[in-house]
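Listing of target_37.cif; format and content: mmCIF, C-alpha atoms.
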```cif
data_protein
loop_
_atom_site.label_atom_id
_atom_site.label_comp_id
_atom_site.auth_asym_id
_atom_site.auth_seq_id
_atom_site.Cartn_x
_atom_site.Cartn_y
_atom_site.Cartn_z
CA MET A 140 -79.28 19.67 -76.62
CA ALA A 141 -80.09 23.36 -76.24
CA GLY A 142 -77.76 25.12 -73.86
CA ASP A 143 -75.51 28.14 -73.51
CA ASP A 144 -73.17 28.77 -76.45
CA HIS A 145 -72.02 32.10 -74.98
CA PHE A 146 -68.77 31.88 -73.05
CA ASP A 147 -65.47 33.62 -72.45
CA LEU A 148 -62.94 30.99 -73.47
CA GLU A 149 -59.89 33.09 -72.59
CA SER A 150 -61.19 33.56 -69.06
CA ASN A 151 -61.88 29.82 -68.74
CA ILE A 152 -58.37 28.98 -69.93
CA ALA A 153 -56.88 31.43 -67.43
CA ASP A 154 -58.93 29.88 -64.61
CA LEU A 155 -57.80 26.40 -65.63
CA ARG A 156 -54.13 27.39 -65.68
CA ASN A 157 -54.38 29.22 -62.34
CA ASP A 158 -56.76 26.98 -60.38
CA GLY A 159 -56.65 23.67 -62.24
CA ILE A 160 -60.42 23.78 -62.82
CA THR A 161 -63.02 25.83 -64.67
CA GLY A 162 -66.54 25.31 -65.97
CA LEU A 163 -69.45 26.34 -68.15
CA LYS A 164 -72.90 26.71 -66.63
CA GLY A 165 -75.87 25.57 -68.68
CA ALA A 166 -73.89 24.04 -71.54
CA PHE A 167 -76.73 21.59 -72.15
CA SER A 168 -80.43 21.48 -71.37
CA ARG A 169 -81.71 19.77 -68.24
CA ASP A 170 -83.63 17.30 -70.41
CA TRP A 171 -80.38 16.38 -72.18
CA ALA A 172 -78.75 15.81 -68.78
CA ASP A 173 -81.68 13.64 -67.67
CA ASP A 174 -81.16 11.41 -70.72
CA MET A 175 -77.47 11.23 -69.80
CA ARG A 176 -78.34 10.14 -66.26
CA GLU A 177 -80.58 7.39 -67.63
CA ASP A 178 -77.76 6.13 -69.86
CA MET A 179 -75.28 6.27 -66.98
CA MET A 180 -77.42 4.28 -64.59
CA THR A 181 -78.27 1.70 -67.26
CA ALA A 182 -74.55 1.26 -67.92
CA PHE A 183 -73.79 1.04 -64.19
CA TRP A 184 -76.34 -1.66 -63.38
CA GLU A 185 -75.15 -3.71 -66.35
CA ALA A 186 -71.47 -3.33 -65.44
CA ILE A 187 -71.78 -4.02 -61.72
CA GLN A 188 -73.08 -7.53 -62.47
CA ARG A 189 -69.97 -8.78 -64.30
CA PRO A 190 -66.37 -9.24 -63.14
CA GLY A 191 -64.20 -6.26 -64.00
CA GLY A 192 -67.16 -4.19 -65.14
CA ALA A 193 -66.99 -1.70 -62.28
CA VAL A 194 -64.07 -0.81 -60.02
CA GLY A 195 -64.27 0.53 -56.48
CA ARG A 196 -63.32 4.11 -55.72
CA GLY A 197 -64.09 3.72 -52.02
CA PRO A 198 -67.05 2.39 -49.97
CA ARG A 199 -70.30 2.63 -51.98
CA ARG A 200 -68.51 4.41 -54.84
CA TRP A 201 -67.73 2.90 -58.26
CA TYR A 202 -66.25 3.84 -61.61
CA VAL A 203 -67.49 2.33 -64.88
CA GLU A 204 -66.12 2.82 -68.38
CA ILE A 205 -68.70 2.74 -71.16
CA HIS A 206 -68.87 2.39 -74.91
CA PRO A 207 -69.23 5.85 -76.49
CA GLN A 208 -72.23 4.80 -78.56
CA ASN A 209 -74.10 3.68 -75.44
CA PHE A 210 -74.21 7.33 -74.34
CA ARG A 211 -76.71 8.96 -76.67
CA GLY A 212 -75.27 12.43 -75.99
CA PHE A 213 -71.66 11.51 -76.81
CA VAL A 214 -71.50 13.36 -80.12
CA ASP A 215 -73.23 16.42 -78.63
CA LEU A 216 -70.60 16.46 -75.90
CA VAL A 217 -67.44 16.01 -77.95
CA THR A 218 -68.56 18.55 -80.57
CA HIS A 219 -69.69 21.22 -78.10
CA PRO A 220 -67.83 24.42 -79.09
CA TRP A 221 -66.67 25.12 -75.52
CA LEU A 222 -65.21 21.64 -75.07
CA VAL A 223 -63.57 21.75 -78.50
CA GLY A 224 -62.21 25.21 -77.74
CA MET A 225 -60.76 24.18 -74.37
CA CYS A 226 -59.14 21.03 -75.81
CA THR A 227 -57.64 22.85 -78.78
CA ALA A 228 -56.29 25.78 -76.75
CA VAL A 229 -54.80 23.69 -73.93
CA LEU A 230 -53.87 20.38 -75.59
CA GLY A 231 -53.33 21.41 -79.21
CA GLN A 232 -55.04 20.78 -82.54
CA ASP A 233 -54.37 17.03 -82.36
CA TYR A 234 -55.95 16.40 -78.95
CA GLN A 235 -57.07 12.81 -78.29
CA ILE A 236 -60.31 11.63 -76.66
CA VAL A 237 -59.16 8.58 -74.69
CA GLU A 238 -61.77 7.84 -72.01
CA ILE A 239 -65.50 7.97 -71.38
CA GLY A 240 -66.97 6.65 -68.17
CA LEU A 241 -68.94 7.47 -65.07
CA ASP A 242 -68.32 7.79 -61.35
CA VAL A 243 -71.24 6.89 -59.07
CA PRO A 244 -71.34 7.44 -55.31
CA PHE A 245 -74.35 6.10 -53.39
CA GLN A 246 -75.62 6.70 -49.87
CA GLY A 247 -72.89 5.56 -47.50
CA ALA A 248 -69.95 6.66 -49.66
CA LYS A 249 -67.15 7.99 -47.45
CA TYR A 250 -64.53 10.69 -47.77
CA GLN A 251 -61.80 9.75 -50.20
CA PRO A 252 -58.18 10.53 -49.36
CA TRP A 253 -56.82 13.61 -51.09
CA HIS A 254 -55.38 12.43 -54.40
CA ARG A 255 -54.75 13.06 -58.08
CA ASP A 256 -55.78 10.60 -60.78
CA PHE A 257 -52.30 9.69 -62.05
CA PRO A 258 -48.66 10.71 -61.50
CA SER A 259 -47.62 14.12 -62.78
CA PRO A 260 -45.45 14.18 -65.90
CA VAL A 261 -42.35 16.36 -65.96
CA ASP A 262 -44.11 18.61 -68.48
CA THR A 263 -46.50 19.62 -65.71
CA TYR A 264 -44.52 19.70 -62.45
CA ARG A 265 -41.46 21.31 -64.06
CA ASP A 266 -42.78 23.22 -67.06
CA ARG A 267 -46.34 23.96 -65.83
CA LYS A 268 -47.86 22.55 -69.00
CA ILE A 269 -51.24 20.80 -68.80
CA THR A 270 -51.21 17.67 -70.98
CA SER A 271 -54.59 16.12 -70.13
CA LEU A 272 -58.07 17.29 -69.24
CA ALA A 273 -61.05 15.72 -67.49
CA PHE A 274 -64.54 16.99 -68.32
CA ASN A 275 -67.27 16.17 -65.80
CA LEU A 276 -71.05 16.42 -66.18
CA THR A 277 -73.41 15.73 -63.29
CA GLY A 278 -76.57 13.67 -63.65
CA VAL A 279 -78.29 15.47 -60.74
CA ASP A 280 -78.44 18.92 -59.20
CA VAL A 281 -75.83 18.50 -56.46
CA THR A 282 -76.73 19.34 -52.86
CA GLU A 283 -74.59 19.29 -49.71
CA ASP A 284 -75.76 15.82 -48.67
CA MET A 285 -74.78 14.25 -52.01
CA GLY A 286 -71.05 14.08 -51.27
CA PRO A 287 -70.01 17.03 -53.44
CA PHE A 288 -66.68 16.94 -55.25
CA GLU A 289 -63.99 18.82 -53.31
CA ILE A 290 -60.88 20.25 -54.98
CA ALA A 291 -57.77 22.17 -53.86
CA PRO A 292 -57.27 24.88 -56.52
CA GLY A 293 -53.74 25.53 -57.75
CA THR A 294 -52.35 22.11 -56.83
CA GLN A 295 -52.13 20.81 -60.39
CA TYR A 296 -48.47 21.84 -60.53
CA ASP A 297 -47.43 20.15 -57.26
CA ASP A 298 -44.48 17.83 -57.85
CA GLY A 299 -45.91 14.77 -56.10
CA ARG A 300 -43.02 12.41 -56.84
CA LYS A 301 -42.60 11.65 -53.12
CA TRP A 302 -46.27 10.86 -52.63
CA LYS A 303 -47.51 7.26 -52.41
CA HIS A 304 -47.79 6.01 -56.00
CA GLU A 305 -47.02 9.67 -56.87
CA MET A 306 -50.77 10.28 -56.41
CA PHE A 307 -51.56 10.25 -52.68
CA PRO A 308 -49.99 12.96 -50.49
CA ASP A 309 -49.15 11.93 -46.94
CA LYS A 310 -51.77 12.77 -44.36
CA SER A 311 -49.30 15.21 -42.80
CA GLU A 312 -49.81 17.39 -45.91
CA TRP A 313 -53.60 17.34 -45.91
CA ALA A 314 -53.99 20.58 -43.99
CA ARG A 315 -52.64 22.50 -46.97
CA PHE A 316 -55.27 21.01 -49.26
CA GLN A 317 -58.06 21.52 -46.75
CA GLU A 318 -57.15 25.20 -46.43
CA ARG A 319 -57.74 25.58 -50.18
CA ALA A 320 -60.64 23.12 -50.43
CA THR A 321 -63.59 24.22 -52.55
CA ARG A 322 -66.75 22.16 -52.88
CA LYS A 323 -68.56 22.11 -56.21
CA TYR A 324 -72.36 22.12 -56.60
CA PRO A 325 -73.04 21.79 -60.33
CA ASN A 326 -76.51 21.52 -61.81
CA ARG A 327 -77.74 19.32 -64.64
CA GLY A 328 -76.43 20.69 -67.92
CA ASP A 329 -73.22 22.20 -66.51
CA ILE A 330 -69.74 21.06 -67.63
CA SER A 331 -66.53 21.33 -65.62
CA CYS A 332 -63.04 21.06 -67.05
CA ARG A 333 -60.06 20.27 -64.83
CA SER A 334 -56.59 18.90 -64.77
CA ALA A 335 -56.82 15.44 -63.21
CA LEU A 336 -53.61 16.39 -61.40
CA THR A 337 -55.39 19.04 -59.33
CA VAL A 338 -55.64 17.41 -55.89
CA HIS A 339 -59.23 16.49 -55.06
CA ARG A 340 -61.51 14.02 -53.28
CA GLY A 341 -65.09 12.84 -53.05
CA THR A 342 -66.86 13.64 -49.77
CA GLU A 343 -69.30 11.77 -47.57
CA HIS A 344 -72.61 10.96 -49.30
CA GLY A 345 -75.63 10.89 -47.00
CA SER A 346 -78.44 11.32 -49.53
CA PRO A 347 -80.52 8.36 -50.74
CA ILE A 348 -80.15 9.86 -54.23
CA ALA A 349 -77.14 8.57 -56.19
CA ARG A 350 -74.90 11.20 -57.82
CA PRO A 351 -73.68 9.83 -61.19
CA VAL A 352 -71.07 11.93 -62.99
CA MET A 353 -70.02 11.52 -66.62
CA VAL A 354 -66.25 11.68 -67.16
CA LEU A 355 -64.56 12.42 -70.49
CA GLY A 356 -60.76 12.13 -70.60
CA VAL A 357 -58.78 14.01 -73.24
CA ASP A 358 -55.00 13.94 -73.82
CA ALA A 359 -52.42 15.95 -75.66
CA PRO A 360 -50.49 13.72 -78.10
CA GLY A 361 -47.97 11.62 -76.19
CA ALA A 362 -49.62 11.91 -72.77
CA GLY A 363 -50.17 8.15 -72.89
CA HIS A 364 -53.42 7.61 -71.02
CA ALA A 365 -55.09 5.80 -73.92
CA GLU A 366 -53.07 2.75 -72.81
CA LEU A 367 -55.13 2.65 -69.60
CA HIS A 368 -58.39 2.40 -71.52
CA ASP A 369 -59.89 0.42 -74.38
CA MET A 370 -62.59 2.39 -76.12
CA MET A 371 -64.29 0.51 -78.92
CA VAL A 372 -67.05 1.41 -81.38
CA THR A 373 -68.80 -0.42 -84.18
CA ARG A 374 -67.93 0.42 -87.77
CA GLU A 375 -71.53 1.38 -88.51
CA TRP A 376 -71.58 3.93 -85.66
CA TYR A 377 -68.05 5.18 -86.36
CA ASP A 378 -68.94 5.99 -89.95
CA THR A 379 -71.77 8.28 -88.80
CA LEU A 380 -69.48 10.49 -86.68
CA PRO A 381 -68.78 14.03 -87.83
CA PRO A 382 -65.09 14.55 -88.61
CA ILE A 383 -64.55 16.76 -85.55
CA ALA A 384 -65.47 13.76 -83.38
CA ARG A 385 -63.98 10.94 -85.45
CA ASP A 386 -60.61 12.62 -85.98
CA HIS A 387 -59.95 12.93 -82.24
CA LEU A 388 -61.34 9.63 -80.98
CA VAL A 389 -58.74 7.01 -79.95
CA CYS A 390 -60.59 3.71 -80.20
CA ARG A 391 -60.82 0.29 -81.76
CA VAL A 392 -63.35 -0.11 -84.57
CA VAL A 393 -64.99 -3.53 -84.23
CA ASP A 394 -67.79 -5.60 -85.73
CA ASP A 395 -69.39 -6.26 -82.33
CA LEU A 396 -68.97 -4.49 -79.02
CA GLN A 397 -67.44 -6.55 -76.22
CA PRO A 398 -67.90 -5.96 -72.47
CA ILE A 399 -65.29 -3.57 -71.10
CA ILE A 400 -62.81 -4.93 -68.57
CA GLN A 401 -61.43 -2.04 -66.54
CA LYS A 402 -57.70 -1.39 -66.81
CA HIS A 403 -57.41 1.68 -64.57
CA ASP A 404 -57.83 0.59 -60.94
CA ILE A 405 -56.69 3.13 -58.32
CA GLU A 406 -55.82 0.91 -55.36
CA GLY A 407 -55.46 3.80 -52.91
CA LEU A 408 -59.15 4.72 -53.23
CA VAL A 409 -60.60 1.35 -52.29
CA MET A 410 -60.86 2.23 -48.60
CA GLY A 411 -62.52 5.34 -47.29
CA ALA A 412 -60.58 8.02 -45.44
CA ASP A 413 -60.89 10.00 -42.24
CA PRO A 414 -61.86 13.53 -43.34
CA THR A 415 -59.33 15.20 -41.03
#
```
As structure tokens, please, write out the structure in this file.
Amino acid sequence: MAGDDHFDLESNIADLRNDGITGLKGAFSRDWADDMREDMMTAFWEAIQRPGGAVGRGPRRWYVEIHPQNFRGFVDLVTHPWLVGMCTAVLGQDYQIVEIGLDVPFQGAKYQPWHRDFPSPVDTYRDRKITSLAFNLTGVDVTEDMGPFEIAPGTQYDDGRKWKHEMFPDKSEWARFQERATRKYPNRGDISCRSALTVHRGTEHGSPIARPVMVLGVDAPGAGHAELHDMMVTREWYDTLPPIARDHLVCRVVDDLQPIIQKHDIEGLVMGADPT
């Protein structure tokens, strides 16, 4: 797992509150990230073969939720001191891990429309309080032709209630996001932390190399996103978790794992978008 345990948490929190995104370079080793990529692609090829196993996020782009114990680095991730520190400082001592999955664009993926991942709660658009976090980890070293993630810093506090589904700003507003747009080029082992309300999009993917990204969703109590997911773990695996992981995990404890049927389908991302 070896990576960088040296970080300036206060600076990261300030960046998150100002820009809606921050990150830690070299949080994990490249070998650790390579194992993660293997687990992601195994999960993807299994899920894509069954109904409801993978949902479209645009042409040649899919999202797959996975069982935590099928990602061998899950405990390393949720106990990493930087991730724990960010969750505790922003979401409170009782933060809830509600989602683990992966986003995979392949060659031919198109620009997504500018969007956020769910409607903004009043706590955020009125009171400027962040109530959920998304942590992303890339499975490859991202290059320009791999459809890098593009984000409009500072837009996490936009109201958005007049947007389509309260998630998709009208195309007449896109110029404002494009003026702020920043593309991200993480390497294997890096972690990013963002508000899923910060307006963002995937870009056109021309490389023959797929770009799988691990996604961990964490809520403050009451944010409600656990209802969109259905994490489950076996009792045997659950009992091996350290308390810092077990106490924050929102999941069903079952005798046998069942295939995951996706609950969170974002209809507005099914079609690609004109980048202008």
So the first atom is CA of Ser311 (chain A) and the second is CA of Gln251 (chain A); what is the distance between them in Å, to one decimal place? 15.5 Å
What is the CA of Glu375 (chain A)-CA of Cys390 (chain A) distance in Å, reported with one decimal? 13.9 Å
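The nearest approach to Ala335 (chain A) among the residues A:Val243, A:Leu276, A:Val357, A:Val261, with all atoms listed in the file taken into account, belongs to A:Val357.
With distances taken over all atoms listed in the file, A:Gly162 is the one residue among A:Gly162, A:Pro287, A:Pro252, A:Gly247 lying closest to Arg333 (chain A).
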Pull out every residue that the PyMOL selection byres ((chain A and resi 267) around 12) matches in the shown coordinates and put them as JSON, numbers by chain. {"A": [155, 156, 157, 159, 229, 259, 260, 261, 262, 263, 264, 265, 266, 268, 269, 270, 293, 294, 295, 296, 297, 298, 334, 336]}
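Within 8 Å of the file-frame point (-64.9, 16.0, -47.6), and using all atoms listed in the file, the polymer residues found are Tyr250, Gln251, Gly286, Pro287, Phe288, Glu289, Arg340, Gly341, Thr342, Glu343 and Pro414 of chain A.
Atom pair CA of Lys310 (chain A) / CA of Pro292 (chain A) has a distance of 18.0 Å (rounded to one decimal).
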Set the distance at 9 Å and use all atoms listed in the file: which residues neighbour region 176-192 of chain A once local chain neighbours fewer than 3 positions away are removed? I'd like the list as a count of residues only. 25
Result set of the PyMOL selection byres ((chain A and resi 163) around 12) on the coordinates above, as a PyMOL selection string: chain A and resi 142-148+150-152+154-155+160-162+164-167+219-222+225+274-276+325-333
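For the file at hand, the PyMOL selection byres ((chain A and resi 338) around 7) resolves to A:Trp253, A:His254, A:Arg255, A:Ile290, A:Ala291, A:Thr294, A:Gln295, A:Leu336, A:Thr337, A:His339.
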Using only C-alpha atoms, the residue out of A:Ala314, A:Gly299, A:Thr218, A:Asp369 with shortest distance to Pro382 (chain A) is A:Thr218
